[in-house]
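> Here it is, the structure in full.
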Amino acid sequence: MALPSIQLSDVQRDSPGQAELRHPMQPGINKIVVYERTDFEGLSREFTSDVPDLHELDFGDCICSLRVVGQPWIAYTAPKYEGDAYALEEGEYRTVEKNKAFSALRLVPHDLADPQITLYEEPDYAGQSKVVTEETNLTYGYFNDRVSSHVVQRGVWLLYKHPDRGGWYHIAWPGERLPDYKPELGFHNCLSHLRPLVPGRPAVTTRILWGQRKVEDERDVLIDEIVGVNATDLEQTFTACSSREYVTTTLQSFRFSNATSLRVGLSFTLAVEAANVFTVEKGHSESSTRRDRVEVLLPAKIPPRTQLTIHVVSKETTVSVPVELTISQNERTKTELGEYRCVSGRTIGTKYTMKPAPPPGGEQAPTPSTLGH
């Protein structure tokens, strides 16, 4: 069946029929929300399963904008999944190419994670063949306008007549065996571009396995030194302020396993503690730096004839913790492991050292005594 083309993108465009991926709703749920006007205005309906005839629900031939969450949907211009078909992947469509024309909606329930199609040069799967597993512009190779039959092993594919997703396309479903393009599609030796439909974002929940926490390194770092000298015979005030404030730094990062199935751009959160929720975005933001202010108390007095030295020390600790990722997509769930890593210097303490104050005009050998605080 010859079908008109629709262009999809991962970013907003100013032309109709293109999607803006802003993820306004919960990932992992398959749904489509349709609106009677452009820009998501007017009456709306939400669907989570196939709709063979929108007219029966009083919403036929009126859709002008829509939102797709999760798996792709196919919109048809006639009831019972007939007429022209339009593929709609996850995203926001402020306008659609075929305004007020959709009469049926079908969810794509298939596993789209590992697509594969075999193209054949001759009818009945004969002649040279080509296995394709990703979006391909055939004009860059030797198979352009030479395909006459195909077998779909996995995924759902869009087969275009022209390069760069141009012209009308055929939707090829998993397990489809099409022996001859000419009588069935009028598509003989016309295929120039093909691509698999992209699955929606999965829902990712996390569990930090604190019981397997490892302290990889721990050391003291001197961040300040304060010296006060009382050369009198009376107790003196050490400083005008009873405390000082210091800025501490926490560097946290997340490492995915080498076999992760998560795509670049997918994000989730780690609730490390109540005041520290770490957002991880694969390929873009897998580390962050957090700064906090810590107040350190200082002694109020210096004894007579005493030199008091205060060392302000940050305890820098490097910790790694396994994280269990539960990934839910299209009613399937699997588990992966990652690693949360943290280098923190938020623990600050002081060490006091006292020795006799040097006499006026001379130095005296120190006789230190150290008190930890």
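We label chains A, B, ... in the order they appear in the structure tokens, count residues from 1 in each chain, and number ligands from 1 in the order shown.
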Determine, for each residue of stretch 17-105 of chain A having at least one atom at most 8 Å from an atom of stretch 329-332 of chain A, the closest pair of atoms and their separation in Å to one decimal, counting only C-alpha atoms; order by chain and ascending number, as CSV.

residue,atom,partner,partner_atom,distance
A:Gly28,CA,A:Gln329,CA,5.1
A:Ile29,CA,A:Asn330,CA,7.3
A:Asn30,CA,A:Asn330,CA,7.1
A:Gly70,CA,A:Asn330,CA,7.5
A:Gln71,CA,A:Asn330,CA,7.0
> When DSSP is applied to the backbone of this structure, which of stretch 115-348 of chain A are assigned alpha helix (DSSP H)? Write them out as an MDAnalysis selection string.
chainID A and resid 181:185
> Create the file for the chosen residues now, containing N, CA and C atoms and written as a CSV table (one decimal), in the first residue's frame.

chain,number,residue,atom,x,y,z
A,181,TYR,N,7.4,-6.7,-4.5
A,181,TYR,CA,7.0,-5.3,-4.3
A,181,TYR,C,6.0,-4.9,-5.4
A,182,LYS,N,6.2,-5.3,-6.6
A,182,LYS,CA,5.5,-4.7,-7.8
A,182,LYS,C,4.0,-5.0,-7.7
A,183,PRO,N,3.5,-6.2,-7.6
A,183,PRO,CA,2.0,-6.3,-7.6
A,183,PRO,C,1.4,-5.9,-6.2
A,184,GLU,N,2.2,-6.0,-5.1
A,184,GLU,CA,1.6,-5.8,-3.8
A,184,GLU,C,1.7,-4.3,-3.4
A,185,LEU,N,2.8,-3.6,-3.8
A,185,LEU,CA,3.0,-2.2,-3.4
A,185,LEU,C,3.2,-1.3,-4.5
> Using DSSP secondary structure from the backbone, list all strand (DSSP E) positions within stretch 125-282 of chain A, as number ranges by chain.
A: 126-132, 136-137, 149-154, 157-162, 166-172, 177-178, 193-196, 203-208, 214-230, 236-237, 243-255, 267-273, 276-281
> Using only C-alpha atoms, find the one residue out of A:Pro163, A:Tyr120, A:Leu298, A:Thr48 that sits nearest to A:Glu245.
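So, comparing all the options, the nearest one is A:Leu298.
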> Find, counting only C-alpha atoms, the residue in A:Cys342, A:Ala357, A:Val227, A:Val96 that gets nearest to A:Ser65.
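Of A:Cys342, A:Ala357, A:Val227, A:Val96, the one nearest A:Ser65 is A:Val96, counting only C-alpha atoms.
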> Residues at most 8 Å from A:Lys98, counting only C-alpha atoms, excluding those fewer than 2 positions away in the same chain, as a PDB file with N, CA and C atoms, in the first residue's frame?

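The file below, part23.pdb, is the result:
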ATOM      1  N   GLY A  17       3.552  17.949  11.601  1.00  0.00           N
ATOM      2  CA  GLY A  17       3.856  16.530  11.586  1.00  0.00           C
ATOM      3  C   GLY A  17       5.167  16.177  12.226  1.00  0.00           C
ATOM      4  N   CYS A  64      -5.938  17.515  15.649  1.00  0.00           N
ATOM      5  CA  CYS A  64      -5.013  18.502  15.077  1.00  0.00           C
ATOM      6  C   CYS A  64      -3.675  18.576  15.803  1.00  0.00           C
ATOM      7  N   VAL A  96      -0.270  18.241  13.261  1.00  0.00           N
ATOM      8  CA  VAL A  96      -0.033  16.999  12.522  1.00  0.00           C
ATOM      9  C   VAL A  96      -0.186  17.283  11.033  1.00  0.00           C
ATOM     10  N   LYS A 100      -7.307  16.815  11.072  1.00  0.00           N
ATOM     11  CA  LYS A 100      -8.719  16.410  11.021  1.00  0.00           C
ATOM     12  C   LYS A 100      -8.954  15.266  10.036  1.00  0.00           C
ATOM     13  N   ALA A 101      -8.052  14.259  10.088  1.00  0.00           N
ATOM     14  CA  ALA A 101      -8.182  13.163   9.140  1.00  0.00           C
ATOM     15  C   ALA A 101      -8.072  11.785   9.787  1.00  0.00           C
ATOM     16  N   PHE A 102      -7.689  11.701  11.064  1.00  0.00           N
ATOM     17  CA  PHE A 102      -7.455  10.400  11.677  1.00  0.00           C
ATOM     18  C   PHE A 102      -8.763   9.788  12.159  1.00  0.00           C
TER      19      PHE A 102
END
> Can you tell me which residues surround A:Ser287 at a distance of at most 7 Å, considering only C-alpha atoms, apart from same-chain residues fewer than 2 positions away, and format the answer as a ChimeraX atom specification?
/A:252-254,285
> What would the file look like if the residues just selected were written as a CSV table (one decimal), in the first residue's frame with all heavy atoms?

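Output file again-v4.csv is given in full below:
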chain,number,residue,atom,x,y,z
A,252,GLN,N,30.1,13.6,42.9
A,252,GLN,CA,29.4,12.4,42.8
A,252,GLN,C,29.2,12.0,41.3
A,252,GLN,O,29.1,12.9,40.5
A,252,GLN,CB,28.0,12.4,43.5
A,252,GLN,CG,27.1,13.5,43.2
A,252,GLN,CD,25.9,13.6,44.1
A,252,GLN,OE1,25.8,12.8,45.0
A,252,GLN,NE2,25.1,14.6,43.9
A,253,SER,N,29.3,10.7,41.0
A,253,SER,CA,29.2,10.3,39.6
A,253,SER,C,28.5,8.9,39.6
A,253,SER,O,28.4,8.2,40.6
A,253,SER,CB,30.6,10.2,39.0
A,253,SER,OG,31.4,9.3,39.7
A,254,PHE,N,28.1,8.6,38.4
A,254,PHE,CA,27.4,7.3,38.2
A,254,PHE,C,28.0,6.6,37.0
A,254,PHE,O,28.3,7.3,35.9
A,254,PHE,CB,25.9,7.5,37.9
A,254,PHE,CG,25.1,6.2,37.9
A,254,PHE,CD1,24.7,5.6,39.0
A,254,PHE,CD2,24.9,5.5,36.7
A,254,PHE,CE1,24.0,4.4,39.0
A,254,PHE,CE2,24.3,4.3,36.6
A,254,PHE,CZ,23.8,3.7,37.8
A,285,SER,N,25.1,14.0,31.6
A,285,SER,CA,25.3,14.4,32.9
A,285,SER,C,25.4,13.2,33.9
A,285,SER,O,24.4,12.9,34.5
A,285,SER,CB,24.2,15.4,33.4
A,285,SER,OG,24.4,15.8,34.7
> Within 9 Å of A:Gly283, counting only C-alpha atoms, which residues show up once you throw out same-chain ones fewer than 3 positions away? Write them as a list in words, please.
Arg263, Val264, Gly265, Leu266 and Glu286 of chain A
> Could you save the residues just selected, with N, CA and C atoms, as a CSV table (one decimal), in the first residue's frame?

chain,number,residue,atom,x,y,z
A,263,ARG,N,19.7,4.1,26.5
A,263,ARG,CA,20.1,5.0,25.4
A,263,ARG,C,20.6,6.3,25.9
A,264,VAL,N,21.5,6.9,25.1
A,264,VAL,CA,22.0,8.3,25.5
A,264,VAL,C,20.8,9.2,25.6
A,265,GLY,N,20.8,10.1,26.6
A,265,GLY,CA,19.8,11.1,26.8
A,265,GLY,C,18.7,10.6,27.8
A,266,LEU,N,18.7,9.3,28.2
A,266,LEU,CA,17.7,8.9,29.2
A,266,LEU,C,18.2,9.4,30.6
A,286,GLU,N,26.5,12.6,33.9
A,286,GLU,CA,26.7,11.4,34.7
A,286,GLU,C,27.6,11.7,36.0
> Report the distance between atom CA of A:Arg37 and atom CA of A:Ile63 in Å, rounded to one decimal place.
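It comes out at 6.8 Å.
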> Neighbouring residues of A:Tyr81 were defined as those with any atom within 9 Å, considering only C-alpha atoms; residues of the same chain fewer than 3 positions away were excluded. Please report them as a ChimeraX atom specification.
/A:51-53,74-78,84-85,103-106
> Restricted to C-alpha atoms, what would the selected residues look like written as a compact mmCIF listing (two decimals), in the first residue's frame?

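The file below, selection.txt, is the result:
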# COMPACT_ATOMS: atom_id res chain seq x y z
CA VAL A 51 -9.02 2.39 18.80
CA PRO A 52 -10.47 0.85 15.60
CA ASP A 53 -12.98 3.67 15.05
CA ILE A 74 0.00 4.32 13.93
CA ALA A 75 -2.80 6.71 12.96
CA TYR A 76 -5.10 5.74 10.06
CA THR A 77 -7.32 7.93 7.91
CA ALA A 78 -10.13 5.36 7.77
CA ASP A 84 -3.28 6.10 4.75
CA ALA A 85 -1.13 5.31 7.79
CA SER A 103 -10.17 7.81 12.17
CA ALA A 104 -8.31 4.94 13.93
CA LEU A 105 -5.31 4.54 16.22
CA ARG A 106 -3.16 1.45 16.78
> Which is closest to A:Arg219 among A:Leu158, A:Leu325, A:Val343, A:Ile32, if we use only C-alpha atoms?
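For A:Arg219, the nearest of the candidates is A:Val343.
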> Which is closer to A:Pro322 than all the others in A:Ile348, A:Leu270, A:Ile208, A:Val108, using only C-alpha atoms?
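Distance minimum relative to A:Pro322 lands on A:Ile208.
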> Could you give me, as a compact mmCIF listing (two decimals) with N, CA, C and O atoms, in the first residue's frame, the residues within 7 Å of stretch 152-154 of chain A, counting only C-alpha atoms and dropping anything in the same chain fewer than 5 positions from it?

# COMPACT_ATOMS: atom_id res chain seq x y z
N ASP A 114 15.87 -4.31 19.04
CA ASP A 114 16.93 -4.93 18.23
C ASP A 114 16.40 -5.22 16.83
O ASP A 114 16.21 -6.38 16.44
N PRO A 115 16.15 -4.17 16.02
CA PRO A 115 15.49 -4.37 14.72
C PRO A 115 16.41 -5.03 13.69
O PRO A 115 17.63 -4.85 13.72
N GLN A 116 15.78 -5.76 12.76
CA GLN A 116 16.55 -6.35 11.65
C GLN A 116 15.59 -6.68 10.51
O GLN A 116 14.50 -7.22 10.72
N ILE A 117 16.01 -6.32 9.30
CA ILE A 117 15.26 -6.63 8.09
C ILE A 117 16.25 -7.08 7.02
O ILE A 117 17.37 -6.57 6.95
N THR A 118 15.86 -8.05 6.21
CA THR A 118 16.69 -8.51 5.10
C THR A 118 16.04 -8.10 3.78
O THR A 118 14.87 -8.43 3.53
N TRP A 173 5.94 -4.88 9.23
CA TRP A 173 5.76 -5.38 10.59
C TRP A 173 6.63 -6.60 10.87
O TRP A 173 7.08 -7.27 9.93
N PRO A 174 6.87 -6.93 12.14
CA PRO A 174 7.69 -8.10 12.48
C PRO A 174 7.12 -9.37 11.86
O PRO A 174 5.91 -9.61 11.89
N GLY A 175 8.00 -10.17 11.28
CA GLY A 175 7.59 -11.42 10.65
C GLY A 175 7.05 -11.26 9.25
O GLY A 175 6.74 -12.27 8.58
N GLU A 176 6.95 -10.04 8.77
CA GLU A 176 6.39 -9.81 7.43
C GLU A 176 7.33 -10.36 6.36
O GLU A 176 8.53 -10.09 6.35
N ARG A 177 6.76 -11.14 5.44
CA ARG A 177 7.48 -11.67 4.28
C ARG A 177 6.77 -11.15 3.04
O ARG A 177 5.65 -11.56 2.74
> With distances taken over only C-alpha atoms, which of A:Pro199, A:Pro303, A:Gly42, A:Gly211 is nearest to A:Asn230?
A:Pro303
